[in-house]
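Following: one structure in structure tokens, then a few remarks.
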Amino acid sequence: MEYDERLALFRQTRLNPFDRGEEEDGPQGGKTPPLHDARPELFSGTRTHSLDRTMDLGLAEDHFSRPMGLFVASDIEKLKMAIEECKKLILELPEHSERQKDTVVKLIHLRLKLQELKDPEEDEPNLRVLLEHRFSKEKSKSVKQTCDKCGAIIWGLIQTWYTCTGCYYRCHSKCMNLITKPCVRVKVSHQSEYELSICPEIGLDRQDYRCAECRTPISLRGVPTEARQCDYTGQYYCSTCHWNDTAIVPARVIHNWEFDPRKVCRSSMRYLALMIARPVLRLKEINPLLFNFVEELVEIRKLRQDILLMKPYFITCKEAMEARLLLQLQDRQHFVENDDMYSLQDLIDISSGRLSCSLSEIHTTFAKHIKLDCERCQAKGFVCELCKEGDILFPFDSHTSVCYDCSAVFHRDCYYDNSTTCPRCARMTDRKQDEVPNVKDT
């Protein structure tokens with residue numbers, strides 16, 4: 001039997017009671033035959049008939065069009081029957097044959113259609129608030145995502161899904177009522193600090209052999225669920241809460257200068273991602289010896305100290321304010337506020353060498369404006385009052401020293417060779433003494 005003849009026969013024998021009115025208890029007064037009488041080619045006969053009819057299923061019906069009216073239970077049942085026939089056909093056909101490949105494609109289409117009928121697209125709100133999550137309805141249909149609640153793939157074409165705008169938690173619309181994890185953004189806002197102990201394990205027995213987050217029973221043997229340790233918290237989690245994601249652990253960076261990613265749970269991964277740019281690490285208090293072993297840290301600290309000395313020049317300079325020079329550090333705002341606070345991203349960039357290059361370029365741009373481009377800033381320079389020779393000095397020059405009391409600038413060699421006090425400090429002291437008698441006379 002030729003293919004076109006099989007296709008025509010399939011269309012004539014489709015299970016459609018309105019096309020076969022004489023057998024339907026409906027407008028024509030007939031009665032509907034049993035299912036195996038209506039489509040004998042799918043439930044009886046030779047193997048060839050079964051193969052032909054299943055192949056025709058994907059060609060004769062458009063499984064991506066929505067018919068008029070509502071779907072009923074029989075529609076789902078028909079699709080389930082067609083899926084089972086396709087699965088049987090795939091096993092019966094020769095491997096890697098064109099017919100087998102076509103049947104696999106038809107099976108995928110049928111399953112997508114069945115999923116659409118089971119989980120129809122509804123009018124969902126664009127914004128939902130749950131456990132301090134602010135879920136926003138996603139419109140992307142092509143990006144492949146994974147639901148953080150059930151672990152299944154989110155099929156954007158046929159499923160509604162949401163993303164938390166705070167911690168980027170993703171889930172199906174149908175999984176939202178099952179969420180038990182609060183938004184990590186809240187923890188970042190109220191408790192902006194790291195765990196600074198390396199993998200502070202307490203033992204699985206102290207956790208009562210349960211997941212530290214969802215309390216699911218776990219064990220190291222994988223029965224009933226595998227116990228997975230988070231290198232950041234030191235606790236054990238189930239496979240639903242721990243996907244073997246990796247992240248750089250701050251404690252290992254600060255104590256060992258180690259940047260190898262370690263396995264962490266999902267909540268720790270989100271927390272570290274949100275905290276990575278926050279300047280909460282005061283290295284000189286946590287581990288001051290780190291500066292003795294990492295030369296790059298000493299270089300960055302000197303550049304940051306120089307930038308803080310340049311900041312007063314820019315604040316009082318109209319040209320610098322118009323050029324918005326300080327905005328070159330807008331991604332690292334703490335660099336113009338202090339010189340001892342670091343973020344985890346700062347340490348990562350120091351280790352890779354990126355921060356040293358970018359900060360040196362900014363330092364050169366700032367110094368060029370003060371010493372060469374701007375006459376107002378040049379006028380605020382200093383002349384060494386000890387030797388009274390040389391060029392105009394600035395506090396951020398590498399060969400200068402600054403008086404801690406009056407902030408006067410001198411050549412470094414002159415300042416340390418000087419056995420007397422600072423000339424400017426002495427002058428200010430004499431002025432104050434001269435003002436005291438005048439006040440008494442009045």
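Chain labels run A, B, ... following the order of the structure tokens; each chain numbers its residues from 1, and ligands are numbered from 1 in the order shown.
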Can you tell me, as a PyMOL selection string, what residues are no more than 10 Å from Thr400 in chain A when counting only C-alpha atoms, ignoring any on the same chain fewer than 5 positions away?
chain A and resi 384+393-395+409-415
Save out the residues we just selected, all heavy atoms, as a JSON list (two decimals), in the first residue's frame.
```
[["chain", "number", "residue", "atom", "x", "y", "z"],
["A", 384, "CYS", "N", 59.10, 72.11, 49.33],
["A", 384, "CYS", "CA", 59.80, 71.57, 50.50],
["A", 384, "CYS", "C", 60.44, 72.73, 51.27],
["A", 384, "CYS", "O", 61.34, 73.42, 50.76],
["A", 384, "CYS", "CB", 60.87, 70.58, 50.05],
["A", 384, "CYS", "SG", 61.80, 69.85, 51.41],
["A", 393, "LEU", "N", 55.65, 69.77, 45.04],
["A", 393, "LEU", "CA", 55.41, 68.44, 45.61],
["A", 393, "LEU", "C", 53.93, 68.23, 45.91],
["A", 393, "LEU", "O", 53.21, 69.18, 46.22],
["A", 393, "LEU", "CB", 56.22, 68.28, 46.91],
["A", 393, "LEU", "CG", 57.73, 68.52, 46.81],
["A", 393, "LEU", "CD1", 58.38, 68.34, 48.17],
["A", 393, "LEU", "CD2", 58.36, 67.59, 45.79],
["A", 394, "PHE", "N", 53.54, 66.98, 45.82],
["A", 394, "PHE", "CA", 52.17, 66.59, 46.17],
["A", 394, "PHE", "C", 52.22, 65.39, 47.12],
["A", 394, "PHE", "O", 53.16, 64.59, 47.07],
["A", 394, "PHE", "CB", 51.38, 66.24, 44.90],
["A", 394, "PHE", "CG", 51.15, 67.41, 43.99],
["A", 394, "PHE", "CD1", 52.07, 67.70, 42.98],
["A", 394, "PHE", "CD2", 50.03, 68.22, 44.15],
["A", 394, "PHE", "CE1", 51.86, 68.78, 42.14],
["A", 394, "PHE", "CE2", 49.83, 69.31, 43.31],
["A", 394, "PHE", "CZ", 50.74, 69.60, 42.31],
["A", 395, "PRO", "N", 51.24, 65.26, 47.98],
["A", 395, "PRO", "CA", 51.30, 64.19, 49.01],
["A", 395, "PRO", "C", 51.30, 62.78, 48.45],
["A", 395, "PRO", "O", 51.70, 61.85, 49.14],
["A", 395, "PRO", "CB", 50.05, 64.46, 49.86],
["A", 395, "PRO", "CG", 49.15, 65.29, 49.00],
["A", 395, "PRO", "CD", 50.04, 66.10, 48.14],
["A", 409, "VAL", "N", 54.06, 68.82, 53.03],
["A", 409, "VAL", "CA", 54.74, 67.83, 52.21],
["A", 409, "VAL", "C", 56.21, 68.23, 52.05],
["A", 409, "VAL", "O", 56.53, 69.39, 51.78],
["A", 409, "VAL", "CB", 54.07, 67.71, 50.83],
["A", 409, "VAL", "CG1", 54.76, 66.65, 49.99],
["A", 409, "VAL", "CG2", 52.60, 67.37, 50.99],
["A", 410, "PHE", "N", 57.11, 67.23, 52.22],
["A", 410, "PHE", "CA", 58.54, 67.45, 52.10],
["A", 410, "PHE", "C", 59.15, 66.32, 51.27],
["A", 410, "PHE", "O", 58.54, 65.27, 51.07],
["A", 410, "PHE", "CB", 59.20, 67.47, 53.49],
["A", 410, "PHE", "CG", 58.57, 68.42, 54.46],
["A", 410, "PHE", "CD1", 57.57, 67.99, 55.32],
["A", 410, "PHE", "CD2", 58.97, 69.75, 54.51],
["A", 410, "PHE", "CE1", 56.99, 68.85, 56.22],
["A", 410, "PHE", "CE2", 58.39, 70.62, 55.41],
["A", 410, "PHE", "CZ", 57.40, 70.18, 56.25],
["A", 411, "HIS", "N", 60.37, 66.57, 50.81],
["A", 411, "HIS", "CA", 61.12, 65.47, 50.23],
["A", 411, "HIS", "C", 61.36, 64.42, 51.31],
["A", 411, "HIS", "O", 61.62, 64.76, 52.47],
["A", 411, "HIS", "CB", 62.47, 65.96, 49.68],
["A", 411, "HIS", "CG", 62.33, 66.82, 48.47],
["A", 411, "HIS", "ND1", 62.67, 68.16, 48.46],
["A", 411, "HIS", "CD2", 61.89, 66.53, 47.21],
["A", 411, "HIS", "CE1", 62.45, 68.66, 47.25],
["A", 411, "HIS", "NE2", 61.98, 67.69, 46.47],
["A", 412, "ARG", "N", 61.31, 63.19, 50.93],
["A", 412, "ARG", "CA", 61.45, 62.12, 51.94],
["A", 412, "ARG", "C", 62.82, 62.17, 52.61],
["A", 412, "ARG", "O", 62.93, 62.05, 53.85],
["A", 412, "ARG", "CB", 61.23, 60.77, 51.28],
["A", 412, "ARG", "CG", 61.38, 59.59, 52.22],
["A", 412, "ARG", "CD", 60.98, 58.30, 51.55],
["A", 412, "ARG", "NE", 59.57, 58.34, 51.17],
["A", 412, "ARG", "CZ", 58.98, 57.38, 50.47],
["A", 412, "ARG", "NH1", 59.69, 56.33, 50.05],
["A", 412, "ARG", "NH2", 57.71, 57.47, 50.16],
["A", 413, "ASP", "N", 63.85, 62.38, 51.81],
["A", 413, "ASP", "CA", 65.19, 62.41, 52.39],
["A", 413, "ASP", "C", 65.35, 63.60, 53.33],
["A", 413, "ASP", "O", 65.95, 63.48, 54.41],
["A", 413, "ASP", "CB", 66.24, 62.49, 51.28],
["A", 413, "ASP", "CG", 66.25, 61.24, 50.41],
["A", 413, "ASP", "OD1", 65.76, 60.18, 50.90],
["A", 413, "ASP", "OD2", 66.70, 61.31, 49.25],
["A", 414, "CYS", "N", 64.80, 64.74, 52.94],
["A", 414, "CYS", "CA", 64.90, 65.93, 53.78],
["A", 414, "CYS", "C", 64.12, 65.74, 55.09],
["A", 414, "CYS", "O", 64.58, 66.16, 56.16],
["A", 414, "CYS", "CB", 64.36, 67.16, 53.05],
["A", 414, "CYS", "SG", 65.27, 67.60, 51.56],
["A", 415, "TYR", "N", 62.99, 65.10, 55.01],
["A", 415, "TYR", "CA", 62.13, 64.96, 56.19],
["A", 415, "TYR", "C", 62.77, 64.05, 57.23],
["A", 415, "TYR", "O", 62.75, 64.35, 58.44],
["A", 415, "TYR", "CB", 60.77, 64.40, 55.76],
["A", 415, "TYR", "CG", 59.75, 64.35, 56.87],
["A", 415, "TYR", "CD1", 59.13, 65.50, 57.33],
["A", 415, "TYR", "CD2", 59.41, 63.12, 57.46],
["A", 415, "TYR", "CE1", 58.19, 65.45, 58.34],
["A", 415, "TYR", "CE2", 58.46, 63.05, 58.47],
["A", 415, "TYR", "CZ", 57.85, 64.23, 58.92],
["A", 415, "TYR", "OH", 56.93, 64.18, 59.93]]
```
Closest pair table for range 332-433 of chain A residues within 12 Å of range 293-317 of chain A, only C-alpha atoms, as a tab-separated table:
```
residue	atom	partner	partner_atom	distance
A:Arg332	CA	A:Arg304	CA	11.0
A:Gln333	CA	A:Arg304	CA	11.5
A:His334	CA	A:Arg304	CA	9.7
A:Phe335	CA	A:Arg304	CA	6.2
A:Val336	CA	A:Leu308	CA	5.8
A:Glu337	CA	A:Leu308	CA	7.3
A:Asn338	CA	A:Leu308	CA	7.3
A:Asp339	CA	A:Arg304	CA	5.6
A:Asp340	CA	A:Arg301	CA	7.6
A:Met341	CA	A:Arg301	CA	10.0
A:Tyr342	CA	A:Arg301	CA	10.2
A:Asp346	CA	A:Ile300	CA	9.9
A:Leu347	CA	A:Leu297	CA	8.5
A:Ile348	CA	A:Leu297	CA	11.3
A:Asp349	CA	A:Glu296	CA	10.4
A:Ile350	CA	A:Glu296	CA	6.6
A:Ser351	CA	A:Glu296	CA	7.7
A:Ser352	CA	A:Glu296	CA	10.0
A:Gly353	CA	A:Glu296	CA	8.2
A:Arg354	CA	A:Glu296	CA	10.9
A:Leu355	CA	A:Ile300	CA	8.1
A:Ser356	CA	A:Ile300	CA	6.5
A:Cys357	CA	A:Ile300	CA	10.0
A:Ser358	CA	A:Ile300	CA	10.7
A:Leu359	CA	A:Leu303	CA	7.3
A:Ser360	CA	A:Leu303	CA	7.3
A:Glu361	CA	A:Leu303	CA	10.5
A:Ile362	CA	A:Ile307	CA	9.0
A:His363	CA	A:Ile307	CA	6.8
A:Thr364	CA	A:Leu303	CA	10.1
A:Thr365	CA	A:Ile307	CA	10.8
A:Phe366	CA	A:Met310	CA	7.3
A:Ala367	CA	A:Met310	CA	7.8
A:Lys368	CA	A:Met310	CA	11.0
A:His369	CA	A:Phe314	CA	9.2
A:Ile370	CA	A:Tyr313	CA	7.4
A:Lys371	CA	A:Tyr313	CA	10.7
A:Asp373	CA	A:Cys317	CA	11.7
A:Cys374	CA	A:Cys317	CA	8.6
A:Glu375	CA	A:Cys317	CA	9.9
A:Arg376	CA	A:Cys317	CA	7.1
A:Cys377	CA	A:Tyr313	CA	6.2
A:Gln378	CA	A:Tyr313	CA	9.5
A:Ala379	CA	A:Tyr313	CA	10.5
A:Lys380	CA	A:Tyr313	CA	8.1
A:Gly381	CA	A:Tyr313	CA	10.0
A:Phe394	CA	A:Leu309	CA	9.0
A:Pro395	CA	A:Leu309	CA	6.7
A:Phe396	CA	A:Asp306	CA	5.0
A:Asp397	CA	A:Asp306	CA	8.2
A:Ser398	CA	A:Asp306	CA	9.3
A:Thr400	CA	A:Asp306	CA	11.8
A:Val402	CA	A:Leu309	CA	10.8
A:Ser407	CA	A:Leu309	CA	10.6
A:Val409	CA	A:Leu309	CA	11.9
```
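You can rank A:Ile158, A:Ala212, A:Ile254, A:Leu178 by their closest distance to His242 in chain A using only C-alpha atoms, and at the top of that list sits A:Ala212.
Going from CA of Leu130 in chain A to CA of Trp161 in chain A covers 14.3 Å.
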Neighbour list for range 162-176 of chain A as a PyMOL selection string, cut-off 12 Å, only C-alpha atoms, skip fewer than 4 positions in-chain:
chain A and resi 118-140+144-156+158+180-189+266-275
Backbone-only DSSP, alpha helix (DSSP H) members of range 273-386 of chain A, as a ChimeraX atom specification:
/A:273-275,283-286,290-293,295-315,318-323,344-352,354-368,375-378
